[in-house]
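Enquirer: Contents of data-v9.pdb (PDB, C-alpha atoms) are given next:
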ATOM      1  CA  MET D   1       6.226 -14.977 -12.695  1.00  0.00           C
ATOM      2  CA  MET D   2       8.096 -11.921 -13.990  1.00  0.00           C
ATOM      3  CA  THR D   3       4.822 -10.378 -15.162  1.00  0.00           C
ATOM      4  CA  ALA D   4       3.374 -10.829 -11.678  1.00  0.00           C
ATOM      5  CA  MET D   5       6.424  -9.202 -10.113  1.00  0.00           C
ATOM      6  CA  LEU D   6       6.335  -6.208 -12.428  1.00  0.00           C
ATOM      7  CA  ALA D   7       2.715  -5.600 -11.509  1.00  0.00           C
ATOM      8  CA  VAL D   8       3.269  -5.347  -7.756  1.00  0.00           C
ATOM      9  CA  ASP D   9       6.888  -4.649  -6.828  1.00  0.00           C
ATOM     10  CA  ASP D  10       6.218  -0.983  -6.006  1.00  0.00           C
ATOM     11  CA  ARG D  11       3.546  -1.907  -3.445  1.00  0.00           C
ATOM     12  CA  HIS D  12       3.900  -5.547  -2.356  1.00  0.00           C
ATOM     13  CA  TRP D  13       4.951  -6.031   1.280  1.00  0.00           C
ATOM     14  CA  TRP D  14       7.850  -8.337   0.382  1.00  0.00           C
ATOM     15  CA  PHE D  15       9.538  -5.921  -2.024  1.00  0.00           C
ATOM     16  CA  ARG D  16       8.856  -2.907   0.189  1.00  0.00           C
ATOM     17  CA  GLY D  17      10.219  -4.691   3.238  1.00  0.00           C
ATOM     18  CA  ARG D  18      13.274  -5.998   1.429  1.00  0.00           C
ATOM     19  CA  ARG D  19      14.089  -2.488   0.252  1.00  0.00           C
ATOM     20  CA  GLN D  20      14.100  -1.403   3.913  1.00  0.00           C
ATOM     21  CA  ILE D  21      16.496  -4.251   4.716  1.00  0.00           C
ATOM     22  CA  ILE D  22      18.794  -3.281   1.842  1.00  0.00           C
ATOM     23  CA  ARG D  23      18.876   0.391   2.816  1.00  0.00           C
ATOM     24  CA  ALA D  24      19.705  -0.547   6.403  1.00  0.00           C
ATOM     25  CA  GLU D  25      22.770  -2.425   5.181  1.00  0.00           C
ATOM     26  CA  LEU D  26      23.871   0.094   2.564  1.00  0.00           C
ATOM     27  CA  ASP D  27      23.679   3.013   4.987  1.00  0.00           C
ATOM     28  CA  GLY D  28      26.486   1.425   6.989  1.00  0.00           C
ATOM     29  CA  LEU D  29      28.939   1.047   4.096  1.00  0.00           C
ATOM     30  CA  PRO D  30      31.831   3.508   3.560  1.00  0.00           C
ATOM     31  CA  LEU D  31      30.933   4.374  -0.031  1.00  0.00           C
ATOM     32  CA  VAL D  32      32.871   6.997  -1.934  1.00  0.00           C
ATOM     33  CA  ARG D  33      31.171  10.145  -3.182  1.00  0.00           C
ATOM     34  CA  GLY D  34      29.931   9.643  -6.734  1.00  0.00           C
ATOM     35  CA  ALA D  35      30.073   5.851  -6.410  1.00  0.00           C
ATOM     36  CA  ARG D  36      29.046   3.789  -9.409  1.00  0.00           C
ATOM     37  CA  VAL D  37      26.357   1.333  -8.382  1.00  0.00           C
ATOM     38  CA  LEU D  38      25.064  -1.748 -10.217  1.00  0.00           C
ATOM     39  CA  ASP D  39      21.854  -3.660  -9.526  1.00  0.00           C
ATOM     40  CA  ALA D  40      22.543  -7.056 -11.081  1.00  0.00           C
ATOM     41  CA  GLY D  41      19.170  -8.550 -11.942  1.00  0.00           C
ATOM     42  CA  CYS D  42      17.313  -5.272 -11.573  1.00  0.00           C
ATOM     43  CA  GLY D  43      13.832  -6.433 -12.579  1.00  0.00           C
ATOM     44  CA  SER D  44      11.547  -3.443 -13.084  1.00  0.00           C
ATOM     45  CA  GLY D  45      14.211  -1.083 -11.738  1.00  0.00           C
ATOM     46  CA  ARG D  46      12.409  -0.167  -8.520  1.00  0.00           C
ATOM     47  CA  THR D  47      15.489  -0.815  -6.403  1.00  0.00           C
ATOM     48  CA  LEU D  48      17.450   1.548  -8.654  1.00  0.00           C
ATOM     49  CA  VAL D  49      15.309   4.369  -7.260  1.00  0.00           C
ATOM     50  CA  GLU D  50      16.816   3.580  -3.840  1.00  0.00           C
ATOM     51  CA  LEU D  51      20.330   3.060  -5.202  1.00  0.00           C
ATOM     52  CA  ALA D  52      20.337   6.537  -6.764  1.00  0.00           C
ATOM     53  CA  ASP D  53      20.752   7.844  -3.201  1.00  0.00           C
ATOM     54  CA  TYR D  54      24.121   6.082  -2.984  1.00  0.00           C
ATOM     55  CA  GLY D  55      25.670   6.964  -6.324  1.00  0.00           C
ATOM     56  CA  GLU D  56      25.249   6.717 -10.074  1.00  0.00           C
ATOM     57  CA  PRO D  57      23.108   3.622 -10.722  1.00  0.00           C
ATOM     58  CA  ALA D  58      23.094   1.115 -13.562  1.00  0.00           C
ATOM     59  CA  GLY D  59      21.198  -2.131 -14.000  1.00  0.00           C
ATOM     60  CA  ILE D  60      21.210  -5.355 -15.938  1.00  0.00           C
ATOM     61  CA  GLU D  61      18.201  -7.629 -16.418  1.00  0.00           C
ATOM     62  CA  LEU D  62      17.726 -10.853 -18.373  1.00  0.00           C
ATOM     63  CA  ASP D  63      14.016 -10.291 -19.090  1.00  0.00           C
ATOM     64  CA  SER D  64      13.588  -7.712 -21.861  1.00  0.00           C
ATOM     65  CA  ASP D  65      10.091  -6.679 -20.730  1.00  0.00           C
ATOM     66  CA  ALA D  66      11.355  -5.950 -17.233  1.00  0.00           C
ATOM     67  CA  ALA D  67      14.321  -4.047 -18.668  1.00  0.00           C
ATOM     68  CA  GLN D  68      11.943  -1.897 -20.682  1.00  0.00           C
ATOM     69  CA  VAL D  69      10.023  -0.997 -17.511  1.00  0.00           C
ATOM     70  CA  ALA D  70      13.315  -0.189 -15.771  1.00  0.00           C
ATOM     71  CA  ARG D  71      14.443   2.067 -18.637  1.00  0.00           C
ATOM     72  CA  ALA D  72      11.135   3.922 -18.521  1.00  0.00           C
ATOM     73  CA  ARG D  73      11.984   5.102 -15.003  1.00  0.00           C
ATOM     74  CA  GLY D  74      14.682   7.258 -16.597  1.00  0.00           C
ATOM     75  CA  ILE D  75      17.127   7.031 -13.712  1.00  0.00           C
ATOM     76  CA  ALA D  76      19.778   4.562 -14.872  1.00  0.00           C
ATOM     77  CA  GLU D  77      21.592   2.882 -17.721  1.00  0.00           C
ATOM     78  CA  ILE D  78      19.899  -0.499 -18.245  1.00  0.00           C
ATOM     79  CA  GLU D  79      21.403  -3.419 -20.149  1.00  0.00           C
ATOM     80  CA  VAL D  80      19.754  -6.694 -21.147  1.00  0.00           C
ATOM     81  CA  GLY D  81      21.957  -9.665 -20.394  1.00  0.00           C
ATOM     82  CA  ARG D  82      23.131 -12.432 -18.084  1.00  0.00           C
ATOM     83  CA  LEU D  83      25.041 -12.163 -14.825  1.00  0.00           C
ATOM     84  CA  GLU D  84      27.559 -14.603 -16.214  1.00  0.00           C
ATOM     85  CA  GLU D  85      28.461 -12.236 -19.081  1.00  0.00           C
ATOM     86  CA  LEU D  86      28.313  -8.647 -17.863  1.00  0.00           C
ATOM     87  CA  PRO D  87      28.883  -5.971 -20.544  1.00  0.00           C
ATOM     88  CA  TRP D  88      31.093  -3.693 -18.409  1.00  0.00           C
ATOM     89  CA  PRO D  89      34.887  -3.653 -18.157  1.00  0.00           C
ATOM     90  CA  ARG D  90      36.826  -4.806 -15.137  1.00  0.00           C
ATOM     91  CA  ALA D  91      36.579  -2.693 -11.975  1.00  0.00           C
ATOM     92  CA  SER D  92      33.587  -0.600 -13.106  1.00  0.00           C
ATOM     93  CA  PHE D  93      31.526  -0.403  -9.889  1.00  0.00           C
ATOM     94  CA  ASP D  94      32.012   0.586  -6.263  1.00  0.00           C
ATOM     95  CA  LEU D  95      28.844  -1.173  -5.100  1.00  0.00           C
ATOM     96  CA  ILE D  96      26.812  -4.037  -6.543  1.00  0.00           C
ATOM     97  CA  THR D  97      23.478  -5.370  -5.315  1.00  0.00           C
ATOM     98  CA  CYS D  98      22.258  -8.782  -6.435  1.00  0.00           C
ATOM     99  CA  LEU D  99      18.913  -9.437  -4.805  1.00  0.00           C
ATOM    100  CA  ASP D 100      17.427 -12.924  -5.013  1.00  0.00           C
ATOM    101  CA  VAL D 101      19.158 -13.589  -8.316  1.00  0.00           C
ATOM    102  CA  ILE D 102      22.077 -16.026  -7.997  1.00  0.00           C
ATOM    103  CA  GLU D 103      19.734 -18.869  -7.055  1.00  0.00           C
ATOM    104  CA  HIS D 104      18.436 -18.565 -10.632  1.00  0.00           C
ATOM    105  CA  THR D 105      21.890 -19.249 -12.122  1.00  0.00           C
ATOM    106  CA  LYS D 106      23.033 -22.745 -12.973  1.00  0.00           C
ATOM    107  CA  ASP D 107      26.504 -22.093 -11.542  1.00  0.00           C
ATOM    108  CA  ASP D 108      26.473 -19.435  -8.842  1.00  0.00           C
ATOM    109  CA  ARG D 109      30.260 -19.275  -8.707  1.00  0.00           C
ATOM    110  CA  VAL D 110      30.445 -18.222 -12.348  1.00  0.00           C
ATOM    111  CA  ALA D 111      27.998 -15.395 -11.602  1.00  0.00           C
ATOM    112  CA  LEU D 112      29.804 -14.348  -8.426  1.00  0.00           C
ATOM    113  CA  ARG D 113      33.171 -14.318 -10.201  1.00  0.00           C
ATOM    114  CA  GLU D 114      31.760 -12.108 -12.936  1.00  0.00           C
ATOM    115  CA  LEU D 115      30.361  -9.723 -10.332  1.00  0.00           C
ATOM    116  CA  HIS D 116      33.802  -9.774  -8.715  1.00  0.00           C
ATOM    117  CA  ARG D 117      35.384  -8.878 -12.062  1.00  0.00           C
ATOM    118  CA  VAL D 118      33.318  -5.705 -12.536  1.00  0.00           C
ATOM    119  CA  CYS D 119      33.697  -4.592  -8.899  1.00  0.00           C
ATOM    120  CA  ARG D 120      36.496  -2.199  -8.019  1.00  0.00           C
ATOM    121  CA  PRO D 121      39.096  -3.280  -5.429  1.00  0.00           C
ATOM    122  CA  GLY D 122      37.673  -2.376  -2.038  1.00  0.00           C
ATOM    123  CA  GLY D 123      34.149  -2.335  -3.466  1.00  0.00           C
ATOM    124  CA  PHE D 124      31.118  -4.118  -2.045  1.00  0.00           C
ATOM    125  CA  LEU D 125      28.543  -6.690  -3.122  1.00  0.00           C
ATOM    126  CA  LEU D 126      25.283  -7.051  -1.211  1.00  0.00           C
ATOM    127  CA  VAL D 127      23.570 -10.313  -2.090  1.00  0.00           C
ATOM    128  CA  THR D 128      20.301 -11.838  -0.886  1.00  0.00           C
ATOM    129  CA  VAL D 129      19.152 -15.430  -1.434  1.00  0.00           C
ATOM    130  CA  PRO D 130      16.399 -17.784  -0.243  1.00  0.00           C
ATOM    131  CA  ALA D 131      17.414 -19.871   2.775  1.00  0.00           C
ATOM    132  CA  TYR D 132      17.273 -23.576   3.670  1.00  0.00           C
ATOM    133  CA  GLN D 133      17.279 -26.252   0.997  1.00  0.00           C
ATOM    134  CA  ALA D 134      14.927 -28.187   3.293  1.00  0.00           C
ATOM    135  CA  LEU D 135      12.246 -25.630   2.396  1.00  0.00           C
ATOM    136  CA  TRP D 136      12.430 -26.430  -1.325  1.00  0.00           C
ATOM    137  CA  SER D 137       8.882 -26.249  -2.679  1.00  0.00           C
ATOM    138  CA  TRP D 138       6.668 -25.507  -5.661  1.00  0.00           C
ATOM    139  CA  HIS D 139       7.507 -21.862  -5.024  1.00  0.00           C
ATOM    140  CA  ASP D 140      11.134 -22.547  -5.974  1.00  0.00           C
ATOM    141  CA  GLU D 141      10.189 -24.547  -9.031  1.00  0.00           C
ATOM    142  CA  ALA D 142       7.771 -21.883 -10.236  1.00  0.00           C
ATOM    143  CA  ASN D 143      10.511 -19.262  -9.827  1.00  0.00           C
ATOM    144  CA  HIS D 144      13.092 -21.406 -11.668  1.00  0.00           C
ATOM    145  CA  HIS D 145      15.449 -21.675  -8.715  1.00  0.00           C
ATOM    146  CA  TYR D 146      18.400 -24.040  -8.835  1.00  0.00           C
ATOM    147  CA  ARG D 147      18.942 -24.035  -5.066  1.00  0.00           C
ATOM    148  CA  ARG D 148      18.255 -22.508  -1.683  1.00  0.00           C
ATOM    149  CA  TYR D 149      21.165 -21.609   0.606  1.00  0.00           C
ATOM    150  CA  SER D 150      22.587 -22.409   3.985  1.00  0.00           C
ATOM    151  CA  ARG D 151      25.036 -19.959   5.512  1.00  0.00           C
ATOM    152  CA  GLN D 152      27.881 -22.354   4.831  1.00  0.00           C
ATOM    153  CA  ALA D 153      26.887 -22.773   1.184  1.00  0.00           C
ATOM    154  CA  LEU D 154      26.717 -19.010   0.650  1.00  0.00           C
ATOM    155  CA  ARG D 155      30.048 -18.483   2.434  1.00  0.00           C
ATOM    156  CA  GLU D 156      31.734 -21.144   0.312  1.00  0.00           C
ATOM    157  CA  ALA D 157      30.328 -19.792  -2.948  1.00  0.00           C
ATOM    158  CA  ALA D 158      31.457 -16.257  -2.053  1.00  0.00           C
ATOM    159  CA  SER D 159      34.904 -17.314  -0.850  1.00  0.00           C
ATOM    160  CA  ASP D 160      35.496 -19.550  -3.876  1.00  0.00           C
ATOM    161  CA  SER D 161      34.693 -16.566  -6.101  1.00  0.00           C
ATOM    162  CA  GLY D 162      37.260 -14.250  -4.518  1.00  0.00           C
ATOM    163  CA  TRP D 163      35.050 -12.283  -2.129  1.00  0.00           C
ATOM    164  CA  THR D 164      35.791 -11.466   1.497  1.00  0.00           C
ATOM    165  CA  ILE D 165      32.754 -11.953   3.723  1.00  0.00           C
ATOM    166  CA  ILE D 166      32.093  -8.867   5.849  1.00  0.00           C
ATOM    167  CA  ARG D 167      28.718  -9.681   7.323  1.00  0.00           C
ATOM    168  CA  MET D 168      25.905 -12.216   7.055  1.00  0.00           C
ATOM    169  CA  SER D 169      22.413 -12.360   8.532  1.00  0.00           C
ATOM    170  CA  SER D 170      19.059 -14.008   8.071  1.00  0.00           C
ATOM    171  CA  PHE D 171      15.924 -11.923   7.569  1.00  0.00           C
ATOM    172  CA  ASN D 172      12.170 -12.391   7.108  1.00  0.00           C
ATOM    173  CA  SER D 173      12.238 -14.328  10.353  1.00  0.00           C
ATOM    174  CA  VAL D 174       8.615 -14.030  11.503  1.00  0.00           C
ATOM    175  CA  LEU D 175       7.252 -15.968   8.538  1.00  0.00           C
ATOM    176  CA  LEU D 176       9.847 -18.765   8.716  1.00  0.00           C
ATOM    177  CA  ALA D 177       7.825 -21.152  10.876  1.00  0.00           C
ATOM    178  CA  PRO D 178       4.450 -20.877   9.083  1.00  0.00           C
ATOM    179  CA  ALA D 179       6.105 -20.993   5.660  1.00  0.00           C
ATOM    180  CA  ALA D 180       8.100 -24.070   6.668  1.00  0.00           C
ATOM    181  CA  VAL D 181       4.960 -25.902   7.787  1.00  0.00           C
ATOM    182  CA  ILE D 182       3.120 -25.106   4.551  1.00  0.00           C
ATOM    183  CA  ARG D 183       5.976 -25.871   2.166  1.00  0.00           C
ATOM    184  CA  ILE D 184       7.119 -29.082   3.810  1.00  0.00           C
ATOM    185  CA  SER D 185       3.526 -30.328   4.042  1.00  0.00           C
ATOM    186  CA  GLN D 186       2.904 -29.606   0.372  1.00  0.00           C
ATOM    187  CA  ARG D 187       6.095 -31.388  -0.622  1.00  0.00           C
ATOM    188  CA  ARG D 188       5.322 -34.466   1.438  1.00  0.00           C
ATOM    189  CA  LEU D 189       1.825 -34.637   0.014  1.00  0.00           C
ATOM    190  CA  GLY D 190       3.268 -34.339  -3.484  1.00  0.00           C
ATOM    191  CA  SER D 191       0.559 -31.908  -4.482  1.00  0.00           C
ATOM    192  CA  ARG D 192       0.469 -28.340  -5.730  1.00  0.00           C
ATOM    193  CA  ASN D 193      -2.916 -27.829  -4.076  1.00  0.00           C
ATOM    194  CA  GLY D 194      -2.969 -24.529  -2.258  1.00  0.00           C
ATOM    195  CA  TYR D 195       0.170 -23.214  -3.950  1.00  0.00           C
ATOM    196  CA  THR D 196       0.178 -19.532  -4.856  1.00  0.00           C
ATOM    197  CA  ASN D 197       2.980 -17.487  -6.347  1.00  0.00           C
ATOM    198  CA  ASN D 198       3.046 -15.270  -3.205  1.00  0.00           C
ATOM    199  CA  LEU D 199       3.027 -12.177  -5.422  1.00  0.00           C
ATOM    200  CA  ASP D 200      -0.674 -11.395  -5.392  1.00  0.00           C
ATOM    201  CA  LEU D 201      -1.178  -8.064  -3.650  1.00  0.00           C
ATOM    202  CA  PRO D 202      -3.070  -8.764  -0.394  1.00  0.00           C
ATOM    203  CA  PRO D 203      -5.644  -6.397   1.111  1.00  0.00           C
ATOM    204  CA  GLN D 204      -4.091  -3.116   2.219  1.00  0.00           C
ATOM    205  CA  TRP D 205      -4.343  -3.880   5.952  1.00  0.00           C
ATOM    206  CA  LEU D 206      -2.654  -7.258   5.505  1.00  0.00           C
ATOM    207  CA  ASN D 207      -0.023  -5.846   3.183  1.00  0.00           C
ATOM    208  CA  ARG D 208       0.923  -3.308   5.883  1.00  0.00           C
ATOM    209  CA  ALA D 209       0.910  -5.967   8.596  1.00  0.00           C
ATOM    210  CA  LEU D 210       3.205  -8.304   6.665  1.00  0.00           C
ATOM    211  CA  GLU D 211       5.639  -5.490   5.891  1.00  0.00           C
ATOM    212  CA  GLN D 212       5.980  -4.383   9.513  1.00  0.00           C
ATOM    213  CA  PRO D 213       8.205  -7.268  10.726  1.00  0.00           C
ATOM    214  CA  LEU D 214      10.665  -6.559   7.913  1.00  0.00           C
ATOM    215  CA  ARG D 215      10.753  -2.887   8.899  1.00  0.00           C
ATOM    216  CA  LEU D 216      11.524  -3.898  12.476  1.00  0.00           C
ATOM    217  CA  GLU D 217      14.248  -6.251  11.283  1.00  0.00           C
ATOM    218  CA  ALA D 218      15.731  -3.452   9.174  1.00  0.00           C
ATOM    219  CA  GLY D 219      15.981  -1.294  12.300  1.00  0.00           C
ATOM    220  CA  TRP D 220      17.825  -4.072  14.114  1.00  0.00           C
ATOM    221  CA  LEU D 221      20.221  -4.659  11.210  1.00  0.00           C
ATOM    222  CA  ARG D 222      20.859  -0.920  10.879  1.00  0.00           C
ATOM    223  CA  HIS D 223      22.305  -0.925  14.388  1.00  0.00           C
ATOM    224  CA  GLY D 224      24.657  -3.804  13.624  1.00  0.00           C
ATOM    225  CA  GLY D 225      22.460  -6.650  14.807  1.00  0.00           C
ATOM    226  CA  THR D 226      22.008  -9.947  13.032  1.00  0.00           C
ATOM    227  CA  LEU D 227      19.192 -12.476  12.941  1.00  0.00           C
ATOM    228  CA  PRO D 228      19.876 -16.204  13.426  1.00  0.00           C
ATOM    229  CA  ALA D 229      17.101 -17.589  11.212  1.00  0.00           C
ATOM    230  CA  GLY D 230      14.720 -16.496   8.473  1.00  0.00           C
ATOM    231  CA  LEU D 231      13.343 -17.318   5.050  1.00  0.00           C
ATOM    232  CA  SER D 232      16.141 -15.296   3.438  1.00  0.00           C
ATOM    233  CA  LEU D 233      19.868 -14.702   3.854  1.00  0.00           C
ATOM    234  CA  LEU D 234      21.868 -11.583   3.118  1.00  0.00           C
ATOM    235  CA  ALA D 235      25.607 -11.193   2.869  1.00  0.00           C
ATOM    236  CA  VAL D 236      27.797  -8.128   2.548  1.00  0.00           C
ATOM    237  CA  LEU D 237      30.918  -9.058   0.584  1.00  0.00           C
ATOM    238  CA  ARG D 238      33.990  -7.039  -0.287  1.00  0.00           C
ATOM    239  CA  LYS D 239      36.541  -7.325  -3.073  1.00  0.00           C
ATOM    240  CA  PRO D 240      40.030  -7.272  -1.534  1.00  0.00           C
ATOM    241  CA  TRP D 241      42.090  -4.155  -2.222  1.00  0.00           C
ATOM    242  CA  THR D 242      44.874  -6.344  -3.581  1.00  0.00           C
ATOM    243  CA  ASP D 243      42.659  -7.750  -6.366  1.00  0.00           C
ATOM    244  CA  VAL D 244      42.842  -6.107  -9.776  1.00  0.00           C
TER     245      VAL D 244
END
Please express the file's structure as structure tokens.
Expert:
Amino acid sequence: MMTAMLAVDDRHWWFRGRRQIIRAELDGLPLVRGARVLDAGCGSGRTLVELADYGEPAGIELDSDAAQVARARGIAEIEVGRLEELPWPRASFDLITCLDVIEHTKDDRVALRELHRVCRPGGFLLVTVPAYQALWSWHDEANHHYRRYSRQALREAASDSGWTIIRMSSFNSVLLAPAAVIRISQRRLGSRNGYTNNLDLPPQWLNRALEQPLRLEAGWLRHGGTLPAGLSLLAVLRKPWTDV
């Protein structure tokens, strides 16, 4: 699965659209000049290209092949390691992004507490996760997920880990209904027939068409809107100023 991601994350509609969503949220944060920024679970490092616009980026990635690709971009310090054991001292970063990563951890609270440790007081964490446990499917198993999230579950995990919740929204709303029909049907049939990893690059016209709804959602989020439902959830979290 990681090999498939590395091959397409510059061009695939999902990654391109998610980057638009992330930028829409980050543009609204009161970041300090020269902020230190961490992408926790940085994959090939493509998101670090975006994060360089917000400060001095760094990344950590569990997969050594992905980390090598990220290092080759030459834009950030890249470490190989786990979210649960970050190699930086306390209060190192003003902003952390953790994009579709904590669902891969056995204990999400351990990961969120470690991210809290390396965040500076008053700093931010932007996290995205897959939504709705009811949509659990072969896709989640193939990606080694431990869970999907409801809003309440994400709020509780964040709050239990010391974060203050600033904002939460769904995204990737247009594809929720068709994806739900396909995934629930496959699960009930107990068959992997028809399953794909969703990371094959579609024809150019379709790739553009699938990206467009995410671009529109990014515009809505940029103006402070939220979306009530979608295949994914995002949350903007803040470390209280009183935490050290």
Enquirer: Go ahead and find all residues with at least one atom no further than 10 Å from (25.9, 2.9, 11.0) in the file's coordinates, using only C-alpha atoms; report them as a ChimeraX atom specification.
Expert: /D:24-30,221-224
Enquirer: Give the answer as one residue: which of D:Ile78, D:Leu227, D:Ala67, D:Ile60 has the shortest atom-to-atom distance to Val101 of chain D, using all atoms listed in the file?
Expert: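 Once distances to Val101 of chain D are computed over all atoms listed in the file, the minimum belongs to D:Ile60.
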Enquirer: Which residues come within 6 Å of Pro240 of chain D, counting all atoms listed in the file, excluding same-chain residues fewer than 2 positions away, as number ranges by chain?
Expert: D: 121-122, 242-243
Enquirer: Give as a ChimeraX atom specification the residues that the PyMOL selection byres ((chain D and resi 37) around 7) matches when applied to the coordinates above.
Expert: /D:35-36,38-39,55-58,93-96
Enquirer: As a list in words, please: the residues near Arg117 of chain D (cut-off 10 Å, all atoms listed in the file, same-chain neighbours under 2 positions excluded).
Expert: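 Here the qualifying residues turn out to be Leu86, Trp88, Pro89, Arg90, Ala91, Ser92, Phe93, Ala111, Leu112, Arg113, Glu114, Leu115, Cys119, Arg120, Pro121, Ser161, Gly162, Lys239, Asp243 and Val244 of chain D.
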Enquirer: Nearest to Ala153 of chain D among D:Leu233, D:Ile22, D:Ala177, D:Val8, with distances taken over only C-alpha atoms: which residue is it?
Expert: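 Among the listed residues, D:Leu233 lies closest to Ala153 of chain D.
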Enquirer: Which residues are near segment 11-15 of chain D? Cut-off 12 Å, all atoms listed in the file, ignore same chain within fewer than 3 positions. Put them as a ChimeraX atom specification.
Expert: /D:4-8,18-22,43-47,99-100,171-172,175,198-215,231-232
Enquirer: Quick check, in Å to one decimal: how far apart do atom CA of Asp107 of chain D and atom CA of Arg147 of chain D lie?
Expert: 10.1 Å
Enquirer: How many Å separate atom CA of Ser150 of chain D from atom CA of Gly230 of chain D?
Expert: 10.8 Å
Enquirer: To one decimal place, how far is atom CA of Val118 of chain D from atom CA of Asp160 of chain D in Å?
Expert: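 Distance between the two atoms: 16.5 Å.
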Enquirer: For the file shown, report as a VMD selection string the outcome of the PyMOL selection byres ((chain D and resi 80) around 9) at residue level.
Expert: chain D and resid 59 to 64 67 78 to 79 81 to 82
Enquirer: Counting all atoms listed in the file, which residue out of D:Tyr132, D:Gly41, D:Glu50, D:Gln152 sits closest to Thr105 of chain D?
Expert: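 Smallest distance to Thr105 of chain D is found for D:Gly41.
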Enquirer: Give me the result of the PyMOL selection byres ((chain D and resi 73) around 10) on this file, residue by residue, as a list in words.
Expert: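 Output from the PyMOL selection byres ((chain D and resi 73) around 10), applied to this file: Ser44, Gly45, Arg46, Leu48, Val49, Gln68, Val69, Ala70, Arg71, Ala72, Gly74, Ile75 and Ala76 of chain D.
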Enquirer: Return as JSON the box centre and box size in Å, one decimal, for an axis-aligned box around all listed atoms of segment 172-183 of chain D padded by 4 Å per side.
Expert:
{"center_x": 7.7, "center_y": -19.1, "center_z": 6.8, "size_x": 17.1, "size_y": 21.5, "size_z": 17.3}
Enquirer: Starting from the point (23.5, -13.6, 7.2), work out which residues of protein, DNA or RNA have an atom no more than 9 Å away when counting only C-alpha atoms; state them as a list in words.
Expert: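 Nearby residues: Thr128, Arg151, Arg167, Met168, Ser169, Ser170, Phe171, Thr226, Leu227, Pro228, Ala229, Ser232, Leu233, Leu234, Ala235 and Val236 of chain D.
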Enquirer: Rank D:Ile165, D:Ala142, D:Ala218, D:Leu135 by their smallest atom-to-atom distance to Gln186 of chain D, using all atoms listed in the file, and report the top residue only.
Expert: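 Checking each of D:Ile165, D:Ala142, D:Ala218, D:Leu135 against Gln186 of chain D, counting all atoms listed in the file, the winner is D:Leu135.
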Enquirer: Mind rebuilding segment 229-241 of chain D with N, CA and C atoms and writing that out as a PDB file, keeping the file's coordinate frame?
Expert:
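In the end it all went to selection12.pdb:
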ATOM      1  N   ALA D 229      17.893 -16.733  12.095  1.00  0.00           N
ATOM      2  CA  ALA D 229      17.101 -17.589  11.212  1.00  0.00           C
ATOM      3  C   ALA D 229      16.084 -16.744  10.472  1.00  0.00           C
ATOM      4  N   GLY D 230      15.710 -17.198   9.275  1.00  0.00           N
ATOM      5  CA  GLY D 230      14.720 -16.496   8.473  1.00  0.00           C
ATOM      6  C   GLY D 230      14.583 -17.154   7.120  1.00  0.00           C
ATOM      7  N   LEU D 231      13.564 -16.747   6.382  1.00  0.00           N
ATOM      8  CA  LEU D 231      13.343 -17.318   5.050  1.00  0.00           C
ATOM      9  C   LEU D 231      14.400 -16.887   4.040  1.00  0.00           C
ATOM     10  N   SER D 232      15.136 -15.825   4.355  1.00  0.00           N
ATOM     11  CA  SER D 232      16.141 -15.296   3.438  1.00  0.00           C
ATOM     12  C   SER D 232      17.459 -15.067   4.166  1.00  0.00           C
ATOM     13  N   LEU D 233      18.534 -15.037   3.378  1.00  0.00           N
ATOM     14  CA  LEU D 233      19.868 -14.702   3.854  1.00  0.00           C
ATOM     15  C   LEU D 233      20.368 -13.480   3.110  1.00  0.00           C
ATOM     16  N   LEU D 234      21.136 -12.648   3.798  1.00  0.00           N
ATOM     17  CA  LEU D 234      21.868 -11.583   3.118  1.00  0.00           C
ATOM     18  C   LEU D 234      23.331 -11.681   3.507  1.00  0.00           C
ATOM     19  N   ALA D 235      24.175 -11.252   2.597  1.00  0.00           N
ATOM     20  CA  ALA D 235      25.607 -11.193   2.869  1.00  0.00           C
ATOM     21  C   ALA D 235      26.164  -9.907   2.279  1.00  0.00           C
ATOM     22  N   VAL D 236      27.030  -9.263   3.043  1.00  0.00           N
ATOM     23  CA  VAL D 236      27.797  -8.128   2.548  1.00  0.00           C
ATOM     24  C   VAL D 236      29.205  -8.639   2.271  1.00  0.00           C
ATOM     25  N   LEU D 237      29.624  -8.546   1.035  1.00  0.00           N
ATOM     26  CA  LEU D 237      30.918  -9.058   0.584  1.00  0.00           C
ATOM     27  C   LEU D 237      31.778  -7.903   0.094  1.00  0.00           C
ATOM     28  N   ARG D 238      33.089  -8.090   0.171  1.00  0.00           N
ATOM     29  CA  ARG D 238      33.990  -7.039  -0.287  1.00  0.00           C
ATOM     30  C   ARG D 238      35.080  -7.634  -1.166  1.00  0.00           C
ATOM     31  N   LYS D 239      35.424  -6.915  -2.226  1.00  0.00           N
ATOM     32  CA  LYS D 239      36.541  -7.325  -3.073  1.00  0.00           C
ATOM     33  C   LYS D 239      37.836  -6.825  -2.435  1.00  0.00           C
ATOM     34  N   PRO D 240      38.787  -7.714  -2.176  1.00  0.00           N
ATOM     35  CA  PRO D 240      40.030  -7.272  -1.534  1.00  0.00           C
ATOM     36  C   PRO D 240      40.735  -6.168  -2.324  1.00  0.00           C
ATOM     37  N   TRP D 241      41.375  -5.253  -1.584  1.00  0.00           N
ATOM     38  CA  TRP D 241      42.090  -4.155  -2.222  1.00  0.00           C
ATOM     39  C   TRP D 241      43.218  -4.658  -3.111  1.00  0.00           C
TER      40      TRP D 241
END
